[in-house]
$ cat upload.cif   # mmCIF, C-alpha atoms
data_structure
loop_
_atom_site.label_atom_id
_atom_site.label_comp_id
_atom_site.auth_asym_id
_atom_site.auth_seq_id
_atom_site.Cartn_x
_atom_site.Cartn_y
_atom_site.Cartn_z
CA MET E 1 133.43 -37.43 -108.39
CA LYS E 2 135.69 -39.77 -106.46
CA THR E 3 133.89 -42.55 -104.59
CA LEU E 4 134.48 -42.38 -100.84
CA SER E 5 135.86 -45.58 -99.38
CA THR E 6 134.79 -46.76 -95.93
CA ASP E 7 138.19 -45.83 -94.52
CA MET E 8 138.05 -42.36 -96.05
CA ILE E 9 134.57 -41.70 -94.65
CA ARG E 10 135.67 -42.80 -91.19
CA SER E 11 138.77 -40.63 -91.45
CA CYS E 12 136.66 -37.47 -91.25
CA SER E 13 137.88 -36.96 -87.68
CA ALA E 14 134.94 -37.80 -85.43
CA ARG E 15 132.29 -37.12 -88.05
CA VAL E 16 131.16 -40.74 -88.11
CA ALA E 17 132.72 -42.34 -85.05
CA ARG E 18 130.90 -40.16 -82.53
CA PHE E 19 127.58 -40.96 -84.17
CA ALA E 20 128.16 -44.69 -84.62
CA GLY E 21 125.61 -45.56 -81.95
CA LEU E 22 123.07 -43.14 -83.36
CA THR E 23 123.56 -44.53 -86.85
CA ALA E 24 122.79 -48.03 -85.59
CA VAL E 25 119.59 -46.76 -84.02
CA THR E 26 118.67 -45.02 -87.25
CA VAL E 27 118.94 -48.26 -89.19
CA LEU E 28 116.41 -49.81 -86.84
CA LEU E 29 114.06 -46.84 -86.85
CA GLY E 30 114.18 -46.08 -90.54
CA GLY E 31 115.74 -42.64 -90.20
CA VAL E 32 113.46 -41.29 -87.46
CA ALA E 33 116.35 -40.73 -85.03
CA LEU E 34 118.36 -38.67 -87.50
CA GLN E 35 115.37 -36.54 -88.40
CA PHE E 36 114.72 -35.82 -84.73
CA VAL E 37 118.31 -34.75 -84.10
CA GLY E 38 118.23 -32.52 -87.15
CA ARG E 39 115.13 -30.70 -85.90
CA ALA E 40 116.62 -30.26 -82.45
CA SER E 41 119.82 -28.78 -83.92
CA ALA E 42 117.87 -26.38 -86.13
CA GLU E 43 116.24 -24.79 -83.09
CA ASP E 44 119.64 -23.66 -81.75
CA ALA E 45 120.35 -21.13 -84.53
CA ARG E 46 119.99 -17.41 -83.94
CA ILE E 47 120.09 -14.37 -86.15
CA VAL E 48 122.69 -11.87 -85.00
CA PRO E 49 122.52 -8.10 -85.56
CA ALA E 50 123.60 -6.84 -88.96
CA PRO E 51 127.05 -5.23 -89.05
CA SER E 52 127.07 -1.53 -88.32
CA MET E 53 130.06 -1.18 -90.67
CA ASP E 54 130.06 -2.65 -94.15
CA GLU E 55 131.73 -2.35 -97.53
CA LYS E 56 130.24 -0.29 -100.32
CA ALA E 57 129.83 -2.03 -103.64
CA GLY E 58 132.44 -0.75 -106.07
CA SER E 59 132.64 -1.02 -109.81
CA SER E 60 133.93 -4.58 -109.73
CA GLY E 61 131.44 -7.25 -110.71
CA THR E 62 132.70 -9.82 -108.23
CA GLU E 63 134.45 -10.07 -104.88
CA THR E 64 135.95 -13.02 -103.02
CA ALA E 65 135.58 -13.95 -99.36
CA VAL E 66 137.27 -16.86 -97.58
CA LEU E 67 135.69 -18.19 -94.39
CA ALA E 68 136.33 -21.15 -92.09
CA GLY E 69 133.97 -22.58 -89.53
CA GLY E 70 134.40 -26.29 -88.95
CA CYS E 71 133.80 -28.95 -91.57
CA PHE E 72 133.74 -27.29 -94.98
CA TRP E 73 130.88 -29.51 -96.18
CA GLY E 74 128.28 -27.52 -94.27
CA VAL E 75 129.81 -24.07 -94.72
CA GLN E 76 130.01 -24.62 -98.46
CA GLY E 77 126.46 -25.93 -98.52
CA VAL E 78 125.10 -22.85 -96.74
CA PHE E 79 126.70 -20.33 -99.08
CA GLN E 80 125.78 -22.31 -102.18
CA HIS E 81 122.19 -21.55 -101.20
CA VAL E 82 122.71 -17.78 -100.81
CA ASN E 83 121.48 -15.35 -103.45
CA GLY E 84 124.29 -13.25 -104.86
CA VAL E 85 126.88 -16.00 -104.40
CA ILE E 86 128.43 -16.99 -107.71
CA SER E 87 130.47 -19.91 -106.43
CA ALA E 88 131.49 -21.54 -103.15
CA THR E 89 134.46 -23.89 -103.15
CA SER E 90 135.72 -26.05 -100.29
CA GLY E 91 139.44 -25.92 -99.58
CA TYR E 92 142.29 -25.26 -97.18
CA THR E 93 143.70 -21.94 -95.97
CA GLY E 94 146.47 -21.02 -93.58
CA GLY E 95 149.24 -23.45 -94.46
CA SER E 96 151.52 -24.31 -97.35
CA LYS E 97 150.58 -25.59 -100.79
CA ASP E 98 152.40 -28.88 -100.18
CA ALA E 99 150.27 -29.55 -97.09
CA ALA E 100 146.94 -28.72 -98.73
CA HIS E 101 145.67 -32.30 -98.88
CA TYR E 102 142.86 -33.77 -96.83
CA GLU E 103 144.79 -36.56 -95.15
CA THR E 104 147.60 -34.14 -94.22
CA VAL E 105 145.34 -31.33 -93.01
CA SER E 106 143.35 -33.79 -90.90
CA ALA E 107 146.42 -34.32 -88.71
CA GLY E 108 145.80 -30.83 -87.35
CA ASP E 109 149.37 -29.52 -87.51
CA THR E 110 149.61 -27.93 -90.97
CA GLY E 111 148.26 -24.49 -90.09
CA HIS E 112 145.42 -25.01 -92.54
CA ALA E 113 141.75 -24.61 -91.72
CA GLU E 114 139.00 -26.28 -93.71
CA SER E 115 137.62 -23.22 -95.46
CA VAL E 116 135.34 -22.03 -98.23
CA ARG E 117 136.16 -19.53 -100.96
CA ILE E 118 133.04 -17.54 -101.79
CA VAL E 119 132.85 -15.51 -104.99
CA PHE E 120 129.93 -13.12 -104.79
CA ASP E 121 128.32 -10.16 -106.52
CA PRO E 122 128.70 -7.19 -104.12
CA HIS E 123 125.83 -5.45 -105.89
CA LYS E 124 123.50 -8.26 -104.78
CA ILE E 125 124.91 -9.11 -101.35
CA SER E 126 127.46 -7.27 -99.27
CA TYR E 127 130.50 -8.70 -97.53
CA GLY E 128 129.05 -7.70 -94.18
CA HIS E 129 125.82 -9.52 -94.89
CA LEU E 130 127.77 -12.65 -95.83
CA LEU E 131 129.43 -12.39 -92.42
CA GLN E 132 126.01 -12.04 -90.76
CA ILE E 133 124.94 -15.34 -92.36
CA TYR E 134 128.30 -16.88 -91.42
CA PHE E 135 127.87 -15.97 -87.75
CA SER E 136 124.15 -16.75 -87.63
CA VAL E 137 123.76 -20.11 -89.35
CA ALA E 138 127.01 -21.41 -90.89
CA HIS E 139 128.78 -22.23 -87.62
CA ASP E 140 129.14 -21.42 -83.91
CA PRO E 141 131.78 -18.67 -83.56
CA THR E 142 132.17 -19.23 -79.81
CA GLU E 143 133.78 -22.67 -80.20
CA LEU E 144 137.59 -22.48 -80.09
CA ASN E 145 139.35 -24.92 -82.41
CA TYR E 146 136.35 -27.18 -82.77
CA GLN E 147 132.87 -27.30 -84.25
CA GLY E 148 130.35 -29.79 -82.93
CA PRO E 149 131.91 -33.25 -83.16
CA ASP E 150 135.09 -32.08 -84.92
CA SER E 151 138.11 -30.88 -82.96
CA GLY E 152 141.47 -29.45 -83.96
CA THR E 153 142.84 -26.20 -85.35
CA GLN E 154 141.78 -27.30 -88.84
CA TYR E 155 138.20 -26.72 -87.66
CA ARG E 156 138.80 -23.26 -86.22
CA SER E 157 136.56 -20.29 -86.76
CA ALA E 158 138.55 -17.93 -88.96
CA ILE E 159 138.09 -15.16 -91.49
CA PHE E 160 140.73 -14.81 -94.20
CA PRO E 161 140.19 -11.30 -95.61
CA THR E 162 141.19 -10.70 -99.21
CA SER E 163 141.49 -6.94 -98.73
CA GLN E 164 142.11 -4.39 -96.00
CA SER E 165 138.50 -3.32 -96.31
CA GLN E 166 137.32 -6.85 -95.52
CA ALA E 167 139.68 -7.05 -92.56
CA ASP E 168 138.33 -3.77 -91.18
CA VAL E 169 134.71 -4.87 -91.57
CA ALA E 170 135.38 -8.25 -89.95
CA LYS E 171 137.22 -6.77 -86.96
CA ALA E 172 134.53 -4.15 -86.37
CA TYR E 173 131.80 -6.78 -86.63
CA ILE E 174 133.42 -9.16 -84.15
CA ASP E 175 133.88 -6.26 -81.72
CA GLN E 176 130.23 -5.29 -82.25
CA LEU E 177 128.94 -8.81 -81.58
CA ASN E 178 131.04 -9.20 -78.45
CA HIS E 179 130.04 -5.79 -77.12
CA ALA E 180 126.37 -6.60 -77.73
CA LYS E 181 126.79 -10.06 -76.14
CA ALA E 182 125.09 -11.54 -79.17
CA PHE E 183 126.13 -15.00 -77.99
CA ASP E 184 126.29 -16.65 -74.60
CA ALA E 185 130.10 -16.66 -74.86
CA ALA E 186 132.69 -14.50 -76.60
CA VAL E 187 133.22 -14.75 -80.36
CA VAL E 188 136.61 -16.44 -80.83
CA THR E 189 136.79 -16.05 -84.61
CA LYS E 190 140.29 -15.07 -85.72
CA ILE E 191 141.10 -12.71 -88.57
CA GLU E 192 144.03 -14.10 -90.56
CA PRO E 193 145.09 -11.88 -93.48
CA ALA E 194 147.44 -12.72 -96.34
CA ARG E 195 146.66 -16.43 -96.46
CA GLN E 196 146.49 -18.47 -99.67
CA PHE E 197 143.43 -20.61 -100.43
CA TYR E 198 143.86 -24.05 -102.02
CA ALA E 199 140.86 -25.91 -103.41
CA ALA E 200 140.06 -29.25 -101.80
CA GLU E 201 139.84 -32.56 -103.61
CA ASN E 202 136.95 -33.02 -106.03
CA TYR E 203 135.23 -35.59 -103.83
CA HIS E 204 134.72 -32.95 -101.12
CA GLN E 205 133.02 -30.46 -103.45
CA ASP E 206 129.20 -30.21 -103.27
CA PHE E 207 129.26 -32.92 -100.58
CA LEU E 208 126.10 -31.71 -98.84
CA THR E 209 124.12 -31.80 -102.09
CA THR E 210 125.48 -35.11 -103.34
CA HIS E 211 125.30 -36.93 -99.97
CA PRO E 212 122.04 -35.66 -98.38
CA THR E 213 121.44 -38.89 -96.44
CA TYR E 214 124.96 -39.22 -95.06
CA PRO E 215 124.56 -39.23 -91.24
CA TYR E 216 127.01 -36.40 -90.56
CA ILE E 217 125.26 -34.20 -93.14
CA VAL E 218 121.78 -34.98 -91.81
CA ILE E 219 122.72 -34.27 -88.22
CA ASN E 220 125.05 -31.30 -88.55
CA ASP E 221 124.53 -29.61 -91.90
CA LEU E 222 121.01 -29.95 -93.28
CA PRO E 223 119.66 -28.01 -90.26
CA LYS E 224 121.92 -25.12 -91.34
CA ILE E 225 120.17 -24.99 -94.70
CA LYS E 226 116.79 -24.94 -92.95
CA ASN E 227 118.03 -22.18 -90.68
CA LEU E 228 119.15 -20.15 -93.67
CA GLU E 229 115.76 -20.52 -95.32
CA HIS E 230 113.94 -19.64 -92.09
CA LEU E 231 116.10 -16.77 -90.82
CA PHE E 232 117.16 -15.26 -94.15
CA PRO E 233 114.27 -16.00 -96.54
CA ARG E 234 115.19 -13.17 -98.93
CA ASP E 235 118.72 -14.51 -99.27
CA TYR E 236 117.80 -18.16 -99.64
CA ARG E 237 117.94 -19.84 -103.03
CA ALA E 238 116.43 -23.30 -103.35
CA ASP E 239 118.79 -24.44 -106.10
CA PRO E 240 122.42 -24.36 -104.94
CA VAL E 241 125.22 -23.08 -107.16
CA LEU E 242 127.43 -26.14 -107.48
CA VAL E 243 131.13 -26.51 -108.21
CA THR E 244 130.46 -29.48 -110.47
CA ALA E 245 127.90 -27.50 -112.48
CA SER E 246 130.39 -24.65 -112.96
CA ALA E 247 133.09 -27.06 -114.08
CA GLY E 248 130.74 -28.66 -116.56
CA ALA E 249 129.87 -25.29 -118.04
CA ASN E 250 133.54 -24.49 -118.81
#
$ encode --input "upload.cif" --output "structure tokens"
Amino acid sequence: MKTLSTDMIRSCSARVARFAGLTAVTVLLGGVALQFVGRASAEDARIVPAPSMDEKAGSSGTETAVLAGGCFWGVQGVFQHVNGVISATSGYTGGSKDAAHYETVSAGDTGHAESVRIVFDPHKISYGHLLQIYFSVAHDPTELNYQGPDSGTQYRSAIFPTSQSQADVAKAYIDQLNHAKAFDAAVVTKIEPARQFYAAENYHQDFLTTHPTYPYIVINDLPKIKNLEHLFPRDYRADPVLVTASAGAN
């Protein structure tokens, strides 16, 4: 895995800069401040109703979903801990192949969103249930073109269906959640079909697992894993399915 330079870490939009003061406090308090923020964030999660419309598992052994919801570190980390998920890869979706590079996407004008390609076994977990986890713990679907400290269209909430069936389920589910007022504001998640996924650089893969003490991960993403374990205990797997492990097996 590529070693992250100081400049590269700071280039993660506002992922470090907005927490610079908090990080300084953490150094003095030995991590107590970060742990407190993580607990406070974990209390904000909610489980939303299951989709009333879902796909039926066909004869195929695998299916692919592509979801975006802010920084791909946390979204990837959540789905790597979900039973039935075979792989979860961070990447870019919505723009061209030539623009699918971190430094370029971070400018916010490529059309790409930081996204995660999820290969799953539909006989173990349905597409609709993946969306339930996505809306419940992976991100906040009411935030338009930002997630927490990160702002820009590259952090938008978006579903990139890989089939018409997925598009139909996603649209019906968003309508269901808005009609039920499942959140305090409207779901702004966009459905963007026919978009190509491009895998992100190796140093972004498995970032939550390999950098568990990184301030951004502690504050924003580790609470998501706790929420998954707490709200979806039957779906939670303690050992994540990692990109690096899959590569090593090939």
$ closest_atom_pairs --input "upload.cif" --of "stretch 126-207 of chain E" --to "stretch 93-114 of chain E" --cutoff "6 Å" --atoms "only C-alpha atoms" --output "JSON lines"
{"residue": "E:Gly152", "atom": "CA", "partner": "E:Gly108", "partner_atom": "CA", "distance": 5.7}
{"residue": "E:Thr153", "atom": "CA", "partner": "E:Gly108", "partner_atom": "CA", "distance": 5.8}
{"residue": "E:Gln154", "atom": "CA", "partner": "E:Ala113", "partner_atom": "CA", "distance": 3.9}
{"residue": "E:Tyr155", "atom": "CA", "partner": "E:Ala113", "partner_atom": "CA", "distance": 5.8}
{"residue": "E:Arg195", "atom": "CA", "partner": "E:Gly94", "partner_atom": "CA", "distance": 5.4}
{"residue": "E:Gln196", "atom": "CA", "partner": "E:Thr93", "partner_atom": "CA", "distance": 5.8}
{"residue": "E:Phe197", "atom": "CA", "partner": "E:Thr93", "partner_atom": "CA", "distance": 4.7}
$ residues_around --input "upload.cif" --residues "E:Pro161" --least-positions-apart "2" --cutoff "12 Å" --atoms "all atoms listed in the file" --output "PyMOL selection string"
chain E and resi 63-68+93-94+117-118+127-128+131+158-159+163-171+190-197
$ atom_distance --input "upload.cif" --atom1 "atom CA of E:Ala180" --atom2 "atom CA of E:Tyr134"
17.2 Å
$ resolve_selection --input "upload.cif" --expression "the PyMOL selection byres ((chain E and resi 58) around 12)" --output "PyMOL selection string"
chain E and resi 55-57+59-63+121-124+126-127+165
$ atom_distance --input "upload.cif" --atom1 "atom CA of E:Gly70" --atom2 "atom CA of E:His139"
7.1 Å
$ resolve_selection --input "upload.cif" --expression "the PyMOL selection byres ((chain E and resi 206) around 8)" --output "short mmCIF file (atom, residue, chain, number, x, y, z; two decimals) with C-alpha atoms, in the frame of the given file"
data_model
loop_
_atom_site.label_atom_id
_atom_site.label_comp_id
_atom_site.auth_asym_id
_atom_site.auth_seq_id
_atom_site.Cartn_x
_atom_site.Cartn_y
_atom_site.Cartn_z
CA TRP E 73 130.88 -29.51 -96.18
CA GLN E 76 130.01 -24.62 -98.46
CA GLY E 77 126.46 -25.93 -98.52
CA HIS E 204 134.72 -32.95 -101.12
CA GLN E 205 133.02 -30.46 -103.45
CA PHE E 207 129.26 -32.92 -100.58
CA LEU E 208 126.10 -31.71 -98.84
CA THR E 209 124.12 -31.80 -102.09
CA THR E 210 125.48 -35.11 -103.34
CA LEU E 242 127.43 -26.14 -107.48
CA VAL E 243 131.13 -26.51 -108.21
CA THR E 244 130.46 -29.48 -110.47
#
$ closest_residue --input "upload.cif" --among "E:Ile86, E:Val75, E:Ala182, E:Ile47" --to "E:Gln132" --atoms "only C-alpha atoms"
E:Ile47
$ closest_residue --input "upload.cif" --among "E:Asn220, E:Ala245, E:Arg237, E:Ser136" --to "E:Val82" --atoms "all atoms listed in the file"
E:Arg237
$ atom_distance --input "upload.cif" --atom1 "atom CA of E:Glu201" --atom2 "atom CA of E:His129"
28.3 Å
